[in-house]
Amino acid sequence: TTVPDGDGDEHEQHRVRLGELKYWALYPAEVRAWLQAAKTTRGHYRPEGTFRSSGLLEPDDERAASVAAARRPVPSDLPRRVLDEDLVDAYRFGLSADDLPPTLDARLRELLTMRWARQDEVNRLRRQRAVQRWQRFAGDTGSTEVQVATLTERIRYLTAHVQREHKDQHTRRGLVKLVHRRRRLLAYLKRTKPQRYFEVITTLHLRDVSPTLVG
């Protein structure tokens with residue numbers, strides 16, 4: 001920041017080290033990098049051209065560090081530090097490893113991995129895989145097995161969400177409805193196609209439905 005002609009000593013008097021800013025540990029990494037590059041503090045210039053600091057207080061470093069450590073990680077934070085096994089060899093935008101040329105830049109190849117994908121992309125990929133695995137014929141999206149598999153993917157994601165956000169009662173009610181819907185579909189599948197039913201619950205690691213629902 002360029003100091004205008006005038007009382008530059010006052011500008012230097014109010015300048016503080018970035019590490020002493022209040023809640024410095026809570027700033028996102030991008031904001032901290034930007035502030036370090038800017039080398040300035042909060043404040044404004046008076047009409048006469050002198051700089052006035054915003055009067056930041058001295059921070060409590062221990063409290064700021066404890067608050068930063070207590071912050072829960074946001075699922076949408078990118079990139080993902082750990083990939084699930086089903087996402088290791090997957091790529092974004094419907095691409096596969098065969099679609100990527102060998103001469104592709106390594107940085108671009110990294111950006112195409114699911115490590116940088118949004119959560120809705122991950123959910124969509126898993127639903128597509130569930131449909132491909134259980135469809136009875138090409139284009140089948142409504143058979144009982146496919147519905148059970150896609151509902152299972154939604155239930156698993158919402159379960160993880162509810163475990164993180166305990167106060168999200170709206171999502172919790174929607175989750176309960178999905179579970180009951182899946183139970184009814186499983187009961188119907190058990191009555192009509194028992195062999196297919198046991199294949200589904202074994203592969204998806206689901207519990208056997210109650211006999212009272214089947215009868």
# chains A, B, ... in the order shown; residues from 1 in each chain; ligands from 1

$ residues_around --residues "range 146-156 of chain A" --least-positions-apart "5" --cutoff "10 Å" --atoms "only C-alpha atoms" --output "PyMOL selection string"
chain A and resi 123-124+126-136+140-141+161+174-179+181-186+189+200-201+203-206

$ residues_around --residues "range 84-90 of chain A" --least-positions-apart "5" --cutoff "9 Å" --atoms "only C-alpha atoms" --output "compact mmCIF listing (two decimals) with C-alpha atoms, in the first residue's frame"
# COMPACT_ATOMS: atom_id res chain seq x y z
CA LEU A 95 -14.16 -39.23 -18.03
CA SER A 96 -12.20 -42.43 -17.56
CA ALA A 97 -8.49 -43.13 -17.47
CA LEU A 112 -9.73 -33.93 -13.17
CA THR A 113 -9.57 -36.42 -10.30
CA MET A 114 -12.40 -36.70 -7.78
CA ARG A 115 -10.16 -35.07 -5.19
CA VAL A 122 -19.50 -37.40 -6.10
CA LEU A 125 -21.19 -40.55 -9.85
CA ARG A 126 -22.21 -42.98 -7.14

$ atom_distance --atom1 "CA of His166 in chain A" --atom2 "CA of Ala117 in chain A"
25.3 Å

$ closest_residue --among "A:Tyr157, A:Leu26, A:Glu145, A:Phe137" --to "Glu199 in chain A" --atoms "only C-alpha atoms"
A:Glu145

$ select_by_dssp --residues "range 76-109 of chain A" --states "alpha helix (DSSP H)" --output "list in words"
Ala106, Arg107, Leu108 and Arg109 of chain A

$ decode --residues "range 140-154 of chain A" --atoms "all heavy atoms" --output "PDB file, in the first residue's frame"
ATOM      1  N   ASP A 140     -32.534 -48.784 -17.806  1.00  0.00           N
ATOM      2  CA  ASP A 140     -33.446 -49.092 -16.699  1.00  0.00           C
ATOM      3  C   ASP A 140     -33.093 -48.226 -15.499  1.00  0.00           C
ATOM      4  O   ASP A 140     -31.990 -48.320 -14.945  1.00  0.00           O
ATOM      5  CB  ASP A 140     -33.326 -50.574 -16.341  1.00  0.00           C
ATOM      6  CG  ASP A 140     -34.155 -50.922 -15.109  1.00  0.00           C
ATOM      7  OD1 ASP A 140     -35.111 -50.185 -14.821  1.00  0.00           O
ATOM      8  OD2 ASP A 140     -33.840 -51.928 -14.451  1.00  0.00           O
ATOM      9  N   THR A 141     -34.018 -47.380 -15.083  1.00  0.00           N
ATOM     10  CA  THR A 141     -33.806 -46.528 -13.907  1.00  0.00           C
ATOM     11  C   THR A 141     -34.926 -46.666 -12.876  1.00  0.00           C
ATOM     12  O   THR A 141     -34.893 -45.969 -11.852  1.00  0.00           O
ATOM     13  CB  THR A 141     -33.725 -45.038 -14.321  1.00  0.00           C
ATOM     14  OG1 THR A 141     -34.933 -44.673 -15.008  1.00  0.00           O
ATOM     15  CG2 THR A 141     -32.532 -44.793 -15.229  1.00  0.00           C
ATOM     16  N   GLY A 142     -35.897 -47.546 -13.140  1.00  0.00           N
ATOM     17  CA  GLY A 142     -37.044 -47.634 -12.254  1.00  0.00           C
ATOM     18  C   GLY A 142     -37.296 -48.990 -11.645  1.00  0.00           C
ATOM     19  O   GLY A 142     -38.263 -49.141 -10.884  1.00  0.00           O
ATOM     20  N   SER A 143     -36.475 -49.987 -11.939  1.00  0.00           N
ATOM     21  CA  SER A 143     -36.688 -51.304 -11.337  1.00  0.00           C
ATOM     22  C   SER A 143     -36.435 -51.229  -9.841  1.00  0.00           C
ATOM     23  O   SER A 143     -35.770 -50.315  -9.332  1.00  0.00           O
ATOM     24  CB  SER A 143     -35.759 -52.342 -11.973  1.00  0.00           C
ATOM     25  OG  SER A 143     -34.412 -51.980 -11.784  1.00  0.00           O
ATOM     26  N   THR A 144     -36.972 -52.191  -9.128  1.00  0.00           N
ATOM     27  CA  THR A 144     -36.876 -52.157  -7.665  1.00  0.00           C
ATOM     28  C   THR A 144     -35.436 -52.176  -7.186  1.00  0.00           C
ATOM     29  O   THR A 144     -35.072 -51.446  -6.259  1.00  0.00           O
ATOM     30  CB  THR A 144     -37.638 -53.368  -7.083  1.00  0.00           C
ATOM     31  OG1 THR A 144     -38.965 -53.406  -7.617  1.00  0.00           O
ATOM     32  CG2 THR A 144     -37.709 -53.264  -5.572  1.00  0.00           C
ATOM     33  N   GLU A 145     -34.611 -52.994  -7.820  1.00  0.00           N
ATOM     34  CA  GLU A 145     -33.208 -53.068  -7.403  1.00  0.00           C
ATOM     35  C   GLU A 145     -32.494 -51.733  -7.586  1.00  0.00           C
ATOM     36  O   GLU A 145     -31.715 -51.298  -6.720  1.00  0.00           O
ATOM     37  CB  GLU A 145     -32.460 -54.140  -8.182  1.00  0.00           C
ATOM     38  CG  GLU A 145     -33.088 -55.524  -8.119  1.00  0.00           C
ATOM     39  CD  GLU A 145     -34.030 -55.776  -9.289  1.00  0.00           C
ATOM     40  OE1 GLU A 145     -34.996 -55.001  -9.441  1.00  0.00           O
ATOM     41  OE2 GLU A 145     -33.794 -56.726 -10.045  1.00  0.00           O
ATOM     42  N   VAL A 146     -32.766 -51.076  -8.711  1.00  0.00           N
ATOM     43  CA  VAL A 146     -32.122 -49.782  -8.975  1.00  0.00           C
ATOM     44  C   VAL A 146     -32.587 -48.738  -7.965  1.00  0.00           C
ATOM     45  O   VAL A 146     -31.785 -47.951  -7.441  1.00  0.00           O
ATOM     46  CB  VAL A 146     -32.418 -49.330 -10.415  1.00  0.00           C
ATOM     47  CG1 VAL A 146     -31.935 -47.896 -10.628  1.00  0.00           C
ATOM     48  CG2 VAL A 146     -31.748 -50.261 -11.410  1.00  0.00           C
ATOM     49  N   GLN A 147     -33.877 -48.731  -7.659  1.00  0.00           N
ATOM     50  CA  GLN A 147     -34.389 -47.777  -6.680  1.00  0.00           C
ATOM     51  C   GLN A 147     -33.777 -48.002  -5.300  1.00  0.00           C
ATOM     52  O   GLN A 147     -33.415 -47.048  -4.599  1.00  0.00           O
ATOM     53  CB  GLN A 147     -35.911 -47.873  -6.601  1.00  0.00           C
ATOM     54  CG  GLN A 147     -36.638 -47.416  -7.854  1.00  0.00           C
ATOM     55  CD  GLN A 147     -38.139 -47.375  -7.637  1.00  0.00           C
ATOM     56  OE1 GLN A 147     -38.641 -46.656  -6.786  1.00  0.00           O
ATOM     57  NE2 GLN A 147     -38.861 -48.170  -8.416  1.00  0.00           N
ATOM     58  N   VAL A 148     -33.644 -49.261  -4.910  1.00  0.00           N
ATOM     59  CA  VAL A 148     -33.037 -49.567  -3.610  1.00  0.00           C
ATOM     60  C   VAL A 148     -31.584 -49.102  -3.583  1.00  0.00           C
ATOM     61  O   VAL A 148     -31.116 -48.506  -2.595  1.00  0.00           O
ATOM     62  CB  VAL A 148     -33.140 -51.068  -3.317  1.00  0.00           C
ATOM     63  CG1 VAL A 148     -32.276 -51.434  -2.100  1.00  0.00           C
ATOM     64  CG2 VAL A 148     -34.581 -51.463  -3.075  1.00  0.00           C
ATOM     65  N   ALA A 149     -30.853 -49.342  -4.669  1.00  0.00           N
ATOM     66  CA  ALA A 149     -29.430 -48.971  -4.707  1.00  0.00           C
ATOM     67  C   ALA A 149     -29.243 -47.460  -4.672  1.00  0.00           C
ATOM     68  O   ALA A 149     -28.385 -46.938  -3.942  1.00  0.00           O
ATOM     69  CB  ALA A 149     -28.782 -49.563  -5.955  1.00  0.00           C
ATOM     70  N   THR A 150     -30.027 -46.731  -5.455  1.00  0.00           N
ATOM     71  CA  THR A 150     -29.892 -45.269  -5.459  1.00  0.00           C
ATOM     72  C   THR A 150     -30.345 -44.666  -4.129  1.00  0.00           C
ATOM     73  O   THR A 150     -29.735 -43.701  -3.647  1.00  0.00           O
ATOM     74  CB  THR A 150     -30.706 -44.673  -6.616  1.00  0.00           C
ATOM     75  OG1 THR A 150     -32.067 -45.127  -6.544  1.00  0.00           O
ATOM     76  CG2 THR A 150     -30.117 -45.082  -7.955  1.00  0.00           C
ATOM     77  N   LEU A 151     -31.407 -45.219  -3.545  1.00  0.00           N
ATOM     78  CA  LEU A 151     -31.829 -44.739  -2.228  1.00  0.00           C
ATOM     79  C   LEU A 151     -30.751 -44.993  -1.175  1.00  0.00           C
ATOM     80  O   LEU A 151     -30.543 -44.172  -0.274  1.00  0.00           O
ATOM     81  CB  LEU A 151     -33.132 -45.418  -1.814  1.00  0.00           C
ATOM     82  CG  LEU A 151     -34.418 -44.882  -2.437  1.00  0.00           C
ATOM     83  CD1 LEU A 151     -35.597 -45.750  -2.034  1.00  0.00           C
ATOM     84  CD2 LEU A 151     -34.653 -43.439  -2.018  1.00  0.00           C
ATOM     85  N   THR A 152     -30.065 -46.116  -1.300  1.00  0.00           N
ATOM     86  CA  THR A 152     -28.997 -46.428  -0.342  1.00  0.00           C
ATOM     87  C   THR A 152     -27.877 -45.400  -0.422  1.00  0.00           C
ATOM     88  O   THR A 152     -27.338 -44.986   0.615  1.00  0.00           O
ATOM     89  CB  THR A 152     -28.457 -47.834  -0.607  1.00  0.00           C
ATOM     90  OG1 THR A 152     -29.508 -48.794  -0.447  1.00  0.00           O
ATOM     91  CG2 THR A 152     -27.330 -48.171   0.361  1.00  0.00           C
ATOM     92  N   GLU A 153     -27.524 -44.968  -1.622  1.00  0.00           N
ATOM     93  CA  GLU A 153     -26.488 -43.944  -1.761  1.00  0.00           C
ATOM     94  C   GLU A 153     -26.927 -42.633  -1.126  1.00  0.00           C
ATOM     95  O   GLU A 153     -26.143 -41.970  -0.435  1.00  0.00           O
ATOM     96  CB  GLU A 153     -26.151 -43.742  -3.242  1.00  0.00           C
ATOM     97  CG  GLU A 153     -25.508 -44.940  -3.913  1.00  0.00           C
ATOM     98  CD  GLU A 153     -24.172 -45.311  -3.312  1.00  0.00           C
ATOM     99  OE1 GLU A 153     -23.532 -44.428  -2.678  1.00  0.00           O
ATOM    100  OE2 GLU A 153     -23.752 -46.462  -3.441  1.00  0.00           O
ATOM    101  N   ARG A 154     -28.178 -42.255  -1.343  1.00  0.00           N
ATOM    102  CA  ARG A 154     -28.685 -41.018  -0.742  1.00  0.00           C
ATOM    103  C   ARG A 154     -28.726 -41.132   0.777  1.00  0.00           C
ATOM    104  O   ARG A 154     -28.376 -40.192   1.499  1.00  0.00           O
ATOM    105  CB  ARG A 154     -30.079 -40.709  -1.273  1.00  0.00           C
ATOM    106  CG  ARG A 154     -30.119 -40.309  -2.738  1.00  0.00           C
ATOM    107  CD  ARG A 154     -31.537 -39.972  -3.162  1.00  0.00           C
ATOM    108  NE  ARG A 154     -32.075 -38.850  -2.403  1.00  0.00           N
ATOM    109  CZ  ARG A 154     -33.347 -38.455  -2.459  1.00  0.00           C
ATOM    110  NH1 ARG A 154     -34.212 -39.128  -3.212  1.00  0.00           N
ATOM    111  NH2 ARG A 154     -33.755 -37.423  -1.757  1.00  0.00           N
TER     112      ARG A 154
END
